[in-house]
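Student: Provided below: run14.cif, containing mmCIF, C-alpha atoms.
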```
data_entry
#
loop_
_atom_site.label_atom_id
_atom_site.label_comp_id
_atom_site.auth_asym_id
_atom_site.auth_seq_id
_atom_site.Cartn_x
_atom_site.Cartn_y
_atom_site.Cartn_z
CA MET A 1 0.00 0.00 0.00
CA ILE A 2 2.76 2.43 1.01
CA THR A 3 4.73 1.45 -2.09
CA LEU A 4 1.74 2.22 -4.30
CA VAL A 5 1.26 5.61 -2.61
CA SER A 6 4.97 6.35 -2.99
CA ASP A 7 4.84 5.45 -6.69
CA ILE A 8 1.82 7.70 -7.28
CA LEU A 9 3.52 10.54 -5.39
CA ALA A 10 6.70 10.04 -7.42
CA VAL A 11 4.72 10.37 -10.65
CA VAL A 12 2.96 13.48 -9.32
CA LEU A 13 6.37 14.91 -8.36
CA VAL A 14 7.91 14.47 -11.80
CA VAL A 15 4.83 15.68 -13.70
CA SER A 16 4.35 18.74 -11.52
CA ALA A 17 8.06 19.56 -11.76
CA LEU A 18 7.89 19.40 -15.56
CA TYR A 19 4.79 21.58 -15.68
CA ALA A 20 6.33 24.06 -13.23
CA VAL A 21 9.26 24.53 -15.58
CA GLU A 22 7.35 24.35 -18.86
CA HIS A 23 4.07 26.23 -18.31
CA LYS A 24 3.91 29.60 -20.04
CA ARG A 25 2.02 31.56 -17.41
CA PRO A 26 4.10 32.26 -14.27
CA ILE A 27 1.17 31.97 -11.88
CA TYR A 28 0.38 28.44 -13.08
CA SER A 29 4.06 27.52 -12.81
CA VAL A 30 3.99 28.57 -9.18
CA GLY A 31 0.80 26.54 -8.67
CA PHE A 32 2.50 23.44 -10.03
CA LEU A 33 5.49 24.11 -7.79
CA ALA A 34 3.07 24.21 -4.84
CA ALA A 35 1.71 20.81 -5.91
CA PHE A 36 5.31 19.60 -6.14
CA PHE A 37 6.11 20.70 -2.58
CA LEU A 38 2.88 19.14 -1.28
CA ALA A 39 3.59 15.81 -2.97
CA LEU A 40 7.18 15.91 -1.69
CA SER A 41 5.93 16.45 1.85
CA PHE A 42 3.54 13.49 1.57
CA LEU A 43 6.37 11.40 0.18
CA TYR A 44 8.45 12.21 3.25
CA VAL A 45 5.53 11.08 5.43
CA ALA A 46 5.37 7.82 3.46
CA LEU A 47 9.11 7.41 4.10
CA GLY A 48 8.53 7.81 7.83
CA THR A 49 10.55 11.03 8.19
CA VAL A 50 7.95 13.16 9.92
CA PHE A 51 10.00 16.21 10.83
CA ALA A 52 11.36 16.53 7.31
CA ALA A 53 7.78 16.41 6.03
CA VAL A 54 6.58 19.11 8.39
CA PHE A 55 9.51 21.42 7.65
CA GLN A 56 9.19 20.83 3.93
CA LEU A 57 5.51 21.74 4.12
CA ALA A 58 6.02 24.84 6.27
CA ILE A 59 9.00 26.24 4.36
CA GLY A 60 7.50 25.23 1.02
CA ILE A 61 4.30 27.08 1.80
CA GLY A 62 6.28 30.20 2.74
CA THR A 63 8.25 30.04 -0.49
CA ILE A 64 5.11 29.48 -2.54
CA ALA A 65 3.37 32.40 -0.86
CA VAL A 66 6.12 34.78 -1.93
CA LEU A 67 6.36 33.23 -5.39
CA PHE A 68 2.60 33.65 -5.89
CA LEU A 69 3.01 37.38 -5.39
CA MET A 70 6.00 37.47 -7.71
CA GLY A 71 4.03 35.54 -10.32
CA GLN A 72 1.26 38.09 -10.11
CA MET A 73 3.81 40.84 -10.58
CA PHE A 74 5.20 39.22 -13.72
CA GLU A 75 1.76 38.85 -15.33
CA ARG A 76 1.25 41.93 -17.48
CA LYS A 77 -2.32 43.09 -18.02
CA ALA A 78 -4.34 46.27 -17.76
CA SER A 79 -5.08 47.32 -14.21
CA LYS A 80 -8.38 48.42 -12.76
CA ARG A 81 -9.55 49.00 -9.21
CA THR A 82 -11.33 46.21 -7.29
CA SER A 83 -14.57 46.92 -5.50
CA LEU A 84 -14.54 47.39 -1.73
CA ARG A 85 -17.01 44.53 -1.36
CA LYS A 86 -14.58 42.03 -2.85
CA GLU A 87 -11.75 43.23 -0.64
CA VAL A 88 -13.94 42.92 2.48
CA ARG A 89 -14.95 39.42 1.38
CA ALA A 90 -11.29 38.42 0.93
CA LEU A 91 -10.46 39.82 4.38
CA GLY A 92 -13.35 37.81 5.87
CA VAL A 93 -12.07 34.58 4.31
CA PHE A 94 -8.61 35.32 5.69
CA LEU A 95 -9.97 35.89 9.21
CA VAL A 96 -12.08 32.72 9.12
CA VAL A 97 -9.06 30.66 8.14
CA ALA A 98 -6.73 32.41 10.57
CA LEU A 99 -8.92 32.23 13.71
CA PRO A 100 -8.70 28.47 14.39
CA SER A 101 -4.92 28.54 14.33
CA VAL A 102 -4.89 31.38 16.87
CA ILE A 103 -7.52 30.31 19.41
CA GLY A 104 -8.52 26.76 18.61
CA LEU A 105 -5.40 24.76 19.26
CA GLY A 106 -5.81 24.33 23.02
CA GLU A 107 -3.20 24.53 25.74
CA VAL A 108 0.50 24.14 25.10
CA LYS A 109 1.99 20.85 26.27
CA VAL A 110 5.43 19.62 25.34
CA ALA A 111 5.86 16.29 27.06
CA VAL A 112 6.80 13.62 24.59
CA SER A 113 10.47 13.03 23.92
CA SER A 114 10.99 10.15 21.56
CA SER A 115 13.78 9.60 19.09
CA ASN A 116 11.37 8.40 16.43
CA PRO A 117 7.90 9.93 16.97
CA THR A 118 4.89 8.90 14.98
CA PHE A 119 3.12 11.39 12.76
CA PRO A 120 0.16 12.05 15.17
CA VAL A 121 2.61 12.56 18.06
CA ALA A 122 4.66 15.05 16.07
CA LEU A 123 1.52 16.78 14.86
CA TRP A 124 -0.33 17.13 18.16
CA ASP A 125 2.17 16.78 21.02
CA LEU A 126 5.28 18.33 19.48
CA ARG A 127 3.29 21.32 18.17
CA ALA A 128 4.04 20.72 14.53
CA LEU A 129 0.40 21.57 13.86
CA ASP A 130 1.06 25.16 14.97
CA ILE A 131 3.78 25.59 12.39
CA VAL A 132 1.68 24.09 9.64
CA ALA A 133 -1.37 26.16 10.62
CA GLN A 134 0.60 29.40 10.63
CA ALA A 135 2.10 28.50 7.29
CA VAL A 136 -1.37 27.80 5.90
CA VAL A 137 -2.55 31.20 7.14
CA LEU A 138 0.37 32.86 5.36
CA LEU A 139 -0.40 30.96 2.18
CA VAL A 140 -4.08 31.88 2.28
CA THR A 141 -3.15 35.52 2.79
CA ALA A 142 -0.82 35.44 -0.18
CA ILE A 143 -3.39 33.70 -2.35
CA GLY A 144 -5.98 36.28 -1.27
CA VAL A 145 -3.68 39.14 -2.23
CA ALA A 146 -2.92 37.39 -5.52
CA VAL A 147 -6.65 36.99 -6.24
CA VAL A 148 -7.33 40.65 -5.43
CA LEU A 149 -4.45 41.73 -7.70
CA SER A 150 -5.68 39.43 -10.44
CA GLU A 151 -9.21 40.81 -10.21
CA ARG A 152 -7.78 44.31 -10.28
CA ARG A 153 -5.85 43.56 -13.46
CA ARG A 154 -8.75 41.80 -15.12
CA GLY A 155 -11.12 44.61 -14.24
CA MET B 156 17.56 3.04 -4.85
CA ASP B 157 14.16 4.21 -6.15
CA TYR B 158 14.51 7.50 -4.32
CA ILE B 159 17.95 8.11 -5.81
CA ILE B 160 16.51 7.62 -9.30
CA LEU B 161 13.63 9.95 -8.47
CA SER B 162 16.08 12.48 -7.09
CA LEU B 163 18.21 12.25 -10.24
CA THR B 164 15.09 12.74 -12.39
CA LEU B 165 14.17 15.89 -10.48
CA LEU B 166 17.76 17.09 -10.77
CA ALA B 167 17.58 16.56 -14.53
CA VAL B 168 14.32 18.52 -14.77
CA GLY B 169 15.88 21.36 -12.78
CA ILE B 170 19.01 21.46 -14.93
CA TYR B 171 16.85 21.37 -18.06
CA GLY B 172 14.95 24.41 -16.77
CA LEU B 173 18.19 26.23 -15.93
CA ILE B 174 19.55 25.63 -19.43
CA THR B 175 16.48 26.33 -21.55
CA LYS B 176 14.53 29.04 -19.71
CA ARG B 177 15.32 32.76 -19.59
CA SER B 178 12.58 34.02 -17.28
CA GLY B 179 13.89 34.84 -13.81
CA LEU B 180 10.97 33.14 -12.09
CA LYS B 181 11.45 29.93 -14.09
CA LEU B 182 15.15 29.93 -13.24
CA LEU B 183 14.30 30.29 -9.56
CA ILE B 184 11.78 27.43 -9.81
CA SER B 185 14.48 25.29 -11.45
CA VAL B 186 16.88 26.05 -8.61
CA GLU B 187 14.16 25.10 -6.12
CA LEU B 188 13.70 21.79 -7.93
CA ILE B 189 17.42 21.05 -7.75
CA ALA B 190 17.48 21.90 -4.04
CA ALA B 191 14.46 19.68 -3.44
CA ALA B 192 16.23 16.83 -5.24
CA ALA B 193 19.28 17.26 -3.01
CA CYS B 194 17.11 17.35 0.10
CA MET B 195 15.36 14.19 -1.04
CA ASN B 196 18.73 12.44 -1.06
CA PHE B 197 19.33 13.44 2.56
CA VAL B 198 15.92 12.21 3.63
CA GLY B 199 16.09 9.04 1.57
CA PHE B 200 19.41 7.99 3.04
CA ALA B 201 18.27 9.01 6.55
CA ALA B 202 15.22 6.78 6.18
CA ALA B 203 17.33 3.93 4.81
CA VAL B 204 19.79 3.88 7.73
CA ARG B 205 17.13 4.95 10.28
CA ASP B 206 19.13 7.95 11.48
CA THR B 207 17.66 11.38 12.19
CA LEU B 208 20.89 13.23 11.32
CA GLY B 209 19.90 13.25 7.65
CA GLN B 210 16.68 15.04 8.53
CA ALA B 211 18.67 17.65 10.45
CA PHE B 212 20.90 18.22 7.42
CA MET B 213 17.82 18.45 5.22
CA ILE B 214 16.29 21.12 7.46
CA LEU B 215 19.56 23.10 7.38
CA ALA B 216 19.78 22.81 3.59
CA LEU B 217 16.15 23.83 3.20
CA SER B 218 16.67 26.91 5.38
CA VAL B 219 19.72 28.01 3.38
CA ASP B 220 17.82 27.38 0.16
CA THR B 221 14.97 29.59 1.37
CA CYS B 222 17.42 32.40 2.16
CA ILE B 223 18.88 32.10 -1.34
CA ALA B 224 15.39 32.20 -2.82
CA GLY B 225 14.69 35.38 -0.86
CA VAL B 226 17.81 37.10 -2.19
CA VAL B 227 17.06 36.02 -5.78
CA LEU B 228 13.47 37.24 -5.47
CA ALA B 229 14.72 40.62 -4.23
CA VAL B 230 17.05 40.85 -7.23
CA LEU B 231 14.22 39.92 -9.61
CA MET B 232 11.95 42.52 -8.06
CA ALA B 233 14.65 45.17 -8.42
CA LEU B 234 15.13 44.17 -12.07
CA GLN B 235 11.41 44.41 -12.70
CA ARG B 236 11.28 47.88 -11.15
CA VAL B 237 14.39 49.34 -12.74
CA HIS B 238 14.30 47.77 -16.20
CA GLY B 239 10.68 46.57 -16.37
CA ILE B 240 11.70 43.12 -17.60
CA ALA B 241 11.42 39.57 -16.29
CA ASP B 242 13.46 37.94 -19.07
CA LEU B 243 17.09 37.87 -18.00
CA SER B 244 18.35 37.57 -21.59
CA LYS B 245 16.94 41.04 -22.33
CA LEU B 246 19.01 42.64 -19.62
CA PRO B 247 21.26 45.41 -20.93
CA SER B 248 24.95 44.64 -20.66
CA GLU B 249 27.27 46.72 -18.53
CA GLU B 250 28.44 48.86 -21.48
CA GLU B 251 24.88 49.46 -22.67
CA SER B 252 23.70 50.59 -19.26
CA GLU B 253 26.55 53.15 -19.08
#
```
Turn the structure described in the file into structure tokens.
Tutor:
Amino acid sequence: MITLVSDILAVVLVVSALYAVEHKRPIYSVGFLAAFFLALSFLYVALGTVFAAVFQLAIGIGTIAVLFLMGQMFERKASKRTSLRKEVRALGVFLVVALPSVIGLGEVKVAVSSSNPTFPVALWDLRALDIVAQAVVLLVTAIGVAVVLSERRRG
Amino acid sequence: MDYIILSLTLLAVGIYGLITKRSGLKLLISVELIAAAACMNFVGFAAAVRDTLGQAFMILALSVDTCIAGVVLAVLMALQRVHGIADLSKLPSEEESE
């Protein structure tokens, strides 16, 4: 089962890497790079290297967030102002996604010390979930800004 | 062994992008692919020998790679602002800019 998942992830990795390099529009290239990082992180989980997976996911998301904005900058189209309603809606989506990571994660407890923790232990007891949640918030913010910029350019 | 082949494939894709593409963003993506391939080697060997030191090296390499990406992005942004171009082959040479 794990071998099959690893094989599928390997195929996804190679295909998304090729599309990231070959696609003509920069924003789609960055999207394929995001898929590449996600598949790589899942592959690390399948390998049993949990910390590498979490760090790959967190750092990958940060990189993708910045690259999304750069991709928007490199897309050249006519610019027009977005309506206030759309901006308020984007801010609302950001707040809804951000709130659980701020207040919903419960009390801090760092108790487990194991040389080879399982994925749930790393995620819940070693606070890896916090890192991933904050990274997701950053990514959603960047995607929101990218969407607003895209709407502004499209008119 | 499978992971080494996969890593080599990703390295080849990254080198192909570095050779054939001229857009700054594509070049950066190619560098990211090469770095990811190198990190995959660390993790693959760490998983094979069941040692966490490889993961530590991978995290270090990933951090350095992110710093490099930040510097390159800053350079690209400066290029876009000053010259208004994203294609590095259209950059004016040193004599032309003087």
Student: Could the residues of chain A that have an atom at most 9 Å from chain B be listed as CSV, each with its closest atom pair and the distance in Å to one decimal, counting all atoms listed in the file and ordered by chain and ascending residue number?
Tutor:
```
residue,atom,partner,partner_atom,distance
A:Ala10,CA,B:Leu161,CA,7.0
A:Leu13,CA,B:Leu165,CA,8.1
A:Val14,CA,B:Leu165,CA,6.6
A:Ala17,CA,B:Val168,CA,7.0
A:Leu18,CA,B:Val168,CA,6.5
A:Ala20,CA,B:Ile184,CA,7.3
A:Val21,CA,B:Gly172,CA,5.8
A:Glu22,CA,B:Gly172,CA,7.9
A:Pro26,CA,B:Leu180,CA,7.3
A:Ser29,CA,B:Lys181,CA,7.9
A:Val30,CA,B:Ile184,CA,7.9
A:Leu33,CA,B:Ile184,CA,7.4
A:Phe36,CA,B:Leu188,CA,8.9
A:Phe37,CA,B:Ala191,CA,8.5
A:Leu40,CA,B:Ala191,CA,8.4
A:Tyr44,CA,B:Val198,CA,7.5
A:Leu47,CA,B:Ala202,CA,6.5
A:Gly48,CA,B:Ala202,CA,7.0
A:Thr49,CA,B:Ala202,CA,6.6
A:Phe51,CA,B:Gln210,CA,7.2
A:Ala52,CA,B:Gln210,CA,5.7
A:Phe55,CA,B:Ile214,CA,6.8
A:Gln56,CA,B:Leu217,CA,7.6
A:Ile59,CA,B:Thr221,CA,7.5
A:Gly60,CA,B:Thr221,CA,8.7
A:Gly62,CA,B:Thr221,CA,8.8
A:Thr63,CA,B:Thr221,CA,7.0
A:Val66,CA,B:Leu228,CA,8.5
A:Leu67,CA,B:Leu180,CA,8.1
A:Met70,CA,B:Leu228,CA,7.8
A:Gly71,CA,B:Leu180,CA,7.6
A:Met73,CA,B:Gln235,CA,8.7
A:Phe74,CA,B:Ala241,CA,6.7
A:Ser115,CA,B:Thr207,CA,8.1
A:Asn116,CA,B:Thr207,CA,8.1
```
Student: May I ask which of the residues A:Phe68, A:Val145, A:Ile61, A:Ser41 is the closest one to A:Leu91, counting all atoms listed in the file?
Tutor: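 Of A:Phe68, A:Val145, A:Ile61, A:Ser41, the one nearest A:Leu91 is A:Val145, counting all atoms listed in the file.
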Student: Rounded to one decimal place, report the atom CA of A:Ile27-atom CA of A:Gln72 distance in Å.
Tutor: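 Rounded to one decimal, the two atoms are 6.4 Å apart.
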Student: Between atom CA of A:Val137 and atom CA of A:Val50, measure the distance and give it in Å to one decimal.
Tutor: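 Separation of atom CA of A:Val137 and atom CA of A:Val50: 21.1 Å.
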Student: Name the residues that the PyMOL selection byres ((chain A and resi 144) around 12) picks from the file above, as a PDB file with C-alpha atoms, in the coordinates of the input, using the file's chain letters and numbers.
Tutor:
```
ATOM      1  CA  ALA A  65       3.370  32.400  -0.860  1.00  0.00           C
ATOM      2  CA  PHE A  68       2.600  33.650  -5.890  1.00  0.00           C
ATOM      3  CA  LEU A  69       3.010  37.380  -5.390  1.00  0.00           C
ATOM      4  CA  GLN A  72       1.260  38.090 -10.110  1.00  0.00           C
ATOM      5  CA  LYS A  86     -14.580  42.030  -2.850  1.00  0.00           C
ATOM      6  CA  GLU A  87     -11.750  43.230  -0.640  1.00  0.00           C
ATOM      7  CA  VAL A  88     -13.940  42.920   2.480  1.00  0.00           C
ATOM      8  CA  ARG A  89     -14.950  39.420   1.380  1.00  0.00           C
ATOM      9  CA  ALA A  90     -11.290  38.420   0.930  1.00  0.00           C
ATOM     10  CA  LEU A  91     -10.460  39.820   4.380  1.00  0.00           C
ATOM     11  CA  GLY A  92     -13.350  37.810   5.870  1.00  0.00           C
ATOM     12  CA  VAL A  93     -12.070  34.580   4.310  1.00  0.00           C
ATOM     13  CA  PHE A  94      -8.610  35.320   5.690  1.00  0.00           C
ATOM     14  CA  LEU A  95      -9.970  35.890   9.210  1.00  0.00           C
ATOM     15  CA  VAL A  97      -9.060  30.660   8.140  1.00  0.00           C
ATOM     16  CA  VAL A 137      -2.550  31.200   7.140  1.00  0.00           C
ATOM     17  CA  LEU A 138       0.370  32.860   5.360  1.00  0.00           C
ATOM     18  CA  LEU A 139      -0.400  30.960   2.180  1.00  0.00           C
ATOM     19  CA  VAL A 140      -4.080  31.880   2.280  1.00  0.00           C
ATOM     20  CA  THR A 141      -3.150  35.520   2.790  1.00  0.00           C
ATOM     21  CA  ALA A 142      -0.820  35.440  -0.180  1.00  0.00           C
ATOM     22  CA  ILE A 143      -3.390  33.700  -2.350  1.00  0.00           C
ATOM     23  CA  VAL A 145      -3.680  39.140  -2.230  1.00  0.00           C
ATOM     24  CA  ALA A 146      -2.920  37.390  -5.520  1.00  0.00           C
ATOM     25  CA  VAL A 147      -6.650  36.990  -6.240  1.00  0.00           C
ATOM     26  CA  VAL A 148      -7.330  40.650  -5.430  1.00  0.00           C
ATOM     27  CA  LEU A 149      -4.450  41.730  -7.700  1.00  0.00           C
ATOM     28  CA  SER A 150      -5.680  39.430 -10.440  1.00  0.00           C
ATOM     29  CA  GLU A 151      -9.210  40.810 -10.210  1.00  0.00           C
TER      30      GLU A 151
END
```
Student: Please enclose the listed atoms of stretch 184-192 of chain B in an axis-aligned box, pad each side by 5 Å, and write out the centre and the three edge lengths in Å, rounded to one decimal, as JSON.
Tutor:
```
{"center_x": 14.6, "center_y": 22.1, "center_z": -7.4, "size_x": 15.7, "size_y": 20.6, "size_z": 18.0}
```
Student: Provide the atom CA of A:Ile64 to atom CA of A:Ala34 distance in Å, to one decimal place.
Tutor: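 Atom CA of A:Ala34 lies 6.1 Å from atom CA of A:Ile64.
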